[in-house]
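Containing mmCIF, C-alpha atoms and all ligand atoms: start-v4.cif.
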```
data_entry
#
loop_
_atom_site.label_atom_id
_atom_site.label_comp_id
_atom_site.auth_asym_id
_atom_site.auth_seq_id
_atom_site.Cartn_x
_atom_site.Cartn_y
_atom_site.Cartn_z
CA MET A 1281 8.39 -16.86 5.10
CA SER A 1282 6.36 -17.64 1.99
CA ASP A 1283 7.26 -16.36 -1.47
CA ALA A 1284 3.58 -15.42 -1.86
CA ARG A 1285 4.30 -12.22 0.05
CA ILE A 1286 3.80 -9.24 -2.25
CA ALA A 1287 7.50 -8.31 -2.17
CA GLN A 1288 10.79 -9.87 -1.19
CA PRO A 1289 13.77 -8.13 0.43
CA GLY A 1290 15.57 -6.08 -2.22
CA ASP A 1291 12.38 -5.37 -4.19
CA THR A 1292 11.42 -1.75 -4.81
CA ILE A 1293 8.44 -0.32 -2.94
CA VAL A 1294 7.05 3.12 -3.84
CA ILE A 1295 5.43 5.28 -1.20
CA ALA A 1296 3.58 8.59 -1.50
CA SER A 1297 1.19 10.79 0.43
CA ASP A 1298 -0.50 14.13 0.34
CA HIS A 1299 0.19 16.78 3.01
CA ALA A 1300 -1.94 14.88 5.57
CA GLY A 1301 0.35 11.88 5.50
CA VAL A 1302 3.88 13.30 5.28
CA GLU A 1303 4.97 12.35 8.77
CA LEU A 1304 3.50 8.85 8.64
CA LYS A 1305 5.05 8.38 5.19
CA SER A 1306 8.52 9.15 6.48
CA GLN A 1307 8.06 6.72 9.40
CA MET A 1308 6.77 4.02 7.07
CA ALA A 1309 9.59 4.57 4.57
CA GLY A 1310 12.00 3.82 7.43
CA ASP A 1311 10.00 0.73 8.43
CA LEU A 1312 10.07 -0.57 4.84
CA LYS A 1313 13.84 -0.05 4.62
CA ARG A 1314 14.28 -1.96 7.86
CA MET A 1315 12.23 -4.79 6.29
CA GLY A 1316 14.89 -4.96 3.60
CA PHE A 1317 13.09 -3.23 0.73
CA THR A 1318 14.45 -0.56 -1.59
CA VAL A 1319 12.17 2.42 -1.00
CA LYS A 1320 11.33 5.17 -3.50
CA ASP A 1321 9.61 8.13 -1.87
CA LEU A 1322 7.50 9.92 -4.50
CA GLY A 1323 6.50 12.81 -2.22
CA THR A 1324 4.98 15.02 -1.07
CA ASN A 1325 7.65 16.22 1.30
CA SER A 1326 6.14 19.19 3.11
CA SER A 1327 2.94 20.15 4.88
CA ASP A 1328 2.00 22.51 2.02
CA SER A 1329 -1.41 21.56 0.67
CA VAL A 1330 -1.27 19.35 -2.44
CA ASP A 1331 -3.73 17.28 -4.47
CA TYR A 1332 -3.80 13.59 -3.49
CA PRO A 1333 -4.53 12.32 -7.05
CA ASP A 1334 -1.11 13.54 -8.22
CA PHE A 1335 0.60 11.29 -5.68
CA GLY A 1336 -1.78 8.35 -6.10
CA HIS A 1337 -1.19 8.40 -9.85
CA ALA A 1338 2.59 8.49 -9.34
CA VAL A 1339 2.44 5.28 -7.30
CA GLY A 1340 -0.11 3.74 -9.69
CA LYS A 1341 2.12 4.40 -12.67
CA ALA A 1342 5.17 2.88 -10.96
CA VAL A 1343 3.32 -0.31 -10.07
CA GLU A 1344 1.52 -0.48 -13.44
CA THR A 1345 4.82 -0.28 -15.33
CA HIS A 1346 6.61 -2.67 -12.93
CA ASP A 1347 9.07 0.02 -11.86
CA ALA A 1348 8.01 -1.05 -8.37
CA LYS A 1349 6.78 -4.35 -6.99
CA ALA A 1350 4.28 -2.75 -4.61
CA GLY A 1351 3.25 0.55 -3.06
CA VAL A 1352 1.95 2.41 -0.06
CA VAL A 1353 -0.31 5.46 -0.34
CA ILE A 1354 -1.47 7.78 2.43
CA CYS A 1355 -3.86 10.71 2.61
CA GLY A 1356 -6.13 12.02 5.37
CA THR A 1357 -8.73 9.26 5.08
CA GLY A 1358 -6.90 7.04 2.62
CA ILE A 1359 -10.01 7.18 0.43
CA GLY A 1360 -9.06 9.70 -2.24
CA ILE A 1361 -5.59 8.39 -2.84
CA SER A 1362 -6.82 4.77 -2.96
CA ILE A 1363 -9.33 5.75 -5.66
CA ALA A 1364 -6.58 7.42 -7.69
CA VAL A 1365 -4.12 4.53 -7.49
CA ASN A 1366 -6.81 1.95 -8.30
CA ARG A 1367 -7.43 3.57 -11.68
CA HIS A 1368 -4.18 2.05 -12.93
CA PRO A 1369 -4.29 -1.37 -14.63
CA GLY A 1370 -2.71 -4.09 -12.55
CA VAL A 1371 -3.02 -2.15 -9.32
CA ARG A 1372 -5.01 -3.67 -6.47
CA ALA A 1373 -5.02 -1.10 -3.70
CA ALA A 1374 -6.70 -1.92 -0.42
CA LEU A 1375 -7.71 0.68 2.14
CA VAL A 1376 -6.83 -0.94 5.46
CA HIS A 1377 -7.78 0.17 8.96
CA ASP A 1378 -7.25 -2.80 11.27
CA ASP A 1379 -5.36 -6.10 11.56
CA MET A 1380 -8.04 -8.04 9.72
CA THR A 1381 -8.29 -5.73 6.71
CA ALA A 1382 -4.48 -5.59 6.43
CA ARG A 1383 -4.26 -9.40 6.52
CA MET A 1384 -7.24 -10.15 4.27
CA ALA A 1385 -6.09 -7.60 1.69
CA ARG A 1386 -3.13 -9.89 1.15
CA GLU A 1387 -4.58 -13.37 1.83
CA HIS A 1388 -7.70 -12.96 -0.31
CA ASN A 1389 -7.15 -9.99 -2.63
CA ASP A 1390 -3.40 -10.18 -3.33
CA ALA A 1391 -3.38 -6.40 -2.90
CA ASN A 1392 -0.20 -4.80 -4.20
CA VAL A 1393 -0.77 -1.34 -2.75
CA MET A 1394 -1.68 -0.57 0.84
CA ALA A 1395 -3.73 2.59 1.38
CA ILE A 1396 -4.24 4.12 4.79
CA GLY A 1397 -5.72 7.24 6.34
CA ALA A 1398 -3.28 9.18 8.49
CA ARG A 1399 -6.18 11.04 10.13
CA ILE A 1400 -8.06 7.80 10.81
CA VAL A 1401 -5.50 5.29 12.09
CA PRO A 1402 -2.98 6.29 14.80
CA ALA A 1403 0.60 6.14 13.55
CA ASP A 1404 1.71 3.24 15.75
CA ARG A 1405 -1.26 1.15 14.58
CA ALA A 1406 -0.72 2.16 10.95
CA ARG A 1407 2.89 1.01 11.17
CA ALA A 1408 1.80 -2.32 12.67
CA LEU A 1409 -0.63 -2.75 9.74
CA LEU A 1410 2.18 -2.04 7.29
CA LYS A 1411 4.14 -4.93 8.81
CA ILE A 1412 1.14 -7.27 8.60
CA PHE A 1413 0.48 -6.26 4.99
CA PHE A 1414 4.03 -6.94 3.82
CA GLU A 1415 4.45 -10.14 5.84
CA THR A 1416 1.19 -11.82 4.83
CA PRO A 1417 1.24 -14.18 1.84
CA PHE A 1418 -1.52 -14.49 -0.76
CA GLU A 1419 -3.49 -17.70 -0.19
CA GLY A 1420 -4.08 -18.43 -3.88
CA GLY A 1421 -6.48 -21.29 -4.65
CA ARG A 1422 -10.06 -20.04 -5.16
CA HIS A 1423 -8.87 -16.51 -4.44
CA ALA A 1424 -6.56 -16.60 -7.46
CA ARG A 1425 -9.58 -17.12 -9.74
CA ARG A 1426 -11.36 -14.16 -8.16
CA VAL A 1427 -8.32 -11.88 -8.34
CA GLU A 1428 -7.93 -12.88 -12.02
CA LYS A 1429 -11.50 -11.69 -12.62
CA LEU A 1430 -10.62 -8.24 -11.26
CA GLY A 1431 -8.73 -7.70 -14.52
C1 LIG B 1501 -7.06 16.62 2.29
O1 LIG B 1501 -7.59 17.59 3.12
C2 LIG B 1501 -7.96 15.39 2.29
O2 LIG B 1501 -9.10 15.62 1.53
C3 LIG B 1501 -7.19 14.19 1.77
O3 LIG B 1501 -6.08 13.99 2.57
C4 LIG B 1501 -7.93 12.88 1.75
O4 LIG B 1501 -8.52 12.59 2.98
C5 LIG B 1501 -8.85 12.65 0.62
O5 LIG B 1501 -9.46 11.58 0.44
#
```

Starting from the file, give its structure as structure tokens.
Amino acid sequence: MSDARIAQPGDTIVIASDHAGVELKSQMAGDLKRMGFTVKDLGTNSSDSVDYPDFGHAVGKAVETHDAKAGVVICGTGIGISIAVNRHPGVRAALVHDDMTARMAREHNDANVMAIGARIVPADRARALLKIFFETPFEGGRHARRVEKLG
């Protein structure tokens, strides 16, 4: 497996969701552990209604400050929490919904946060996309120049 994957076994991955994504988050945290990562769950941890920006910013801050190598964020659509996490310098969050978006987010965009909508993508598919995202290396080359221009 290429070292251009976003994280290597042992690296820390942060994961967070709002109330819409709690169950999927716990499944994905287990998947990430089985992939060999150290997982930090930043909440939320109940179905009580919360505000997705609070959890997106928590993941954004951890990736921005290099406390974590990469992240996963989940809300109902994945939209709100992806907007929040992308406001942090150095974060490239990609909202994925199928095999191609999960793969291209890594190959072309070197995304370091995967965002997904728990009310959009069925859990078994979402978990398959998680695997694709973390197993796919960045292609580099012309894409490196473009990613550089993202700032
Ligand atoms: C919460 O109801 C919902 O708005 C949130 O999970 C997300 O879909 C926002 O983008």

Item to check | Cut-off 12 Å, only C-alpha atoms and all ligand atoms, neighbours of ligand LIG 1501 (chain B) as an MDAnalysis selection string | outcome: chainID A and resid 1296:1302 1324 1327:1336 1353:1365 1375 1395:1400

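Nearest to Arg1367 in chain A of all the residues A:Ala1424, A:Ala1338, A:Asp1311, A:Glu1419 is A:Ala1338, based on all atoms listed in the file.
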
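Proximity of A:Val1352, A:Met1384, A:Ala1403, A:Val1339 to Glu1303 in chain A, computed with all atoms listed in the file, is greatest for A:Ala1403.
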
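If you count all atoms listed in the file and ignore residues fewer than 6 places along the chain from Arg1285 in chain A, what sits within 10 Å of it is A:Arg1386, A:Glu1387, A:Asp1390, A:Asn1392, A:Phe1413, A:Phe1414, A:Glu1415, A:Thr1416, A:Pro1417, A:Phe1418, A:Glu1419.
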
What are the centre and the three edge lengths of an axis-aligned box that wraps all atoms of range 1308-1325 of chain A in the file, given that 6 Å is added to every side, written as AutoDock Vina command-line options and rounded to one decimal in Å?
```
--center_x 9.9 --center_y 5.6 --center_z 2.0 --size_x 21.9 --size_y 33.2 --size_z 24.9
```

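Going from CA of Val1319 in chain A over to CA of Ile1293 in chain A, you cover 5.0 Å.
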
Item to check | Which residue of A:Met1380, A:Leu1409, A:Val1294, A:Leu1304 approaches Glu1344 in chain A most closely, using only C-alpha atoms | outcome: A:Val1294

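If you measure from each of A:Gly1420, A:Gly1351, A:Pro1289, A:Gly1316 to Val1371 in chain A using only C-alpha atoms, the closest one turns out to be A:Gly1351.
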
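Of the listed residues (A:Ile1412, A:Ala1391, A:Ala1374, A:Ala1406), A:Ala1391 comes nearest to Val1427 in chain A; the distances count only C-alpha atoms.
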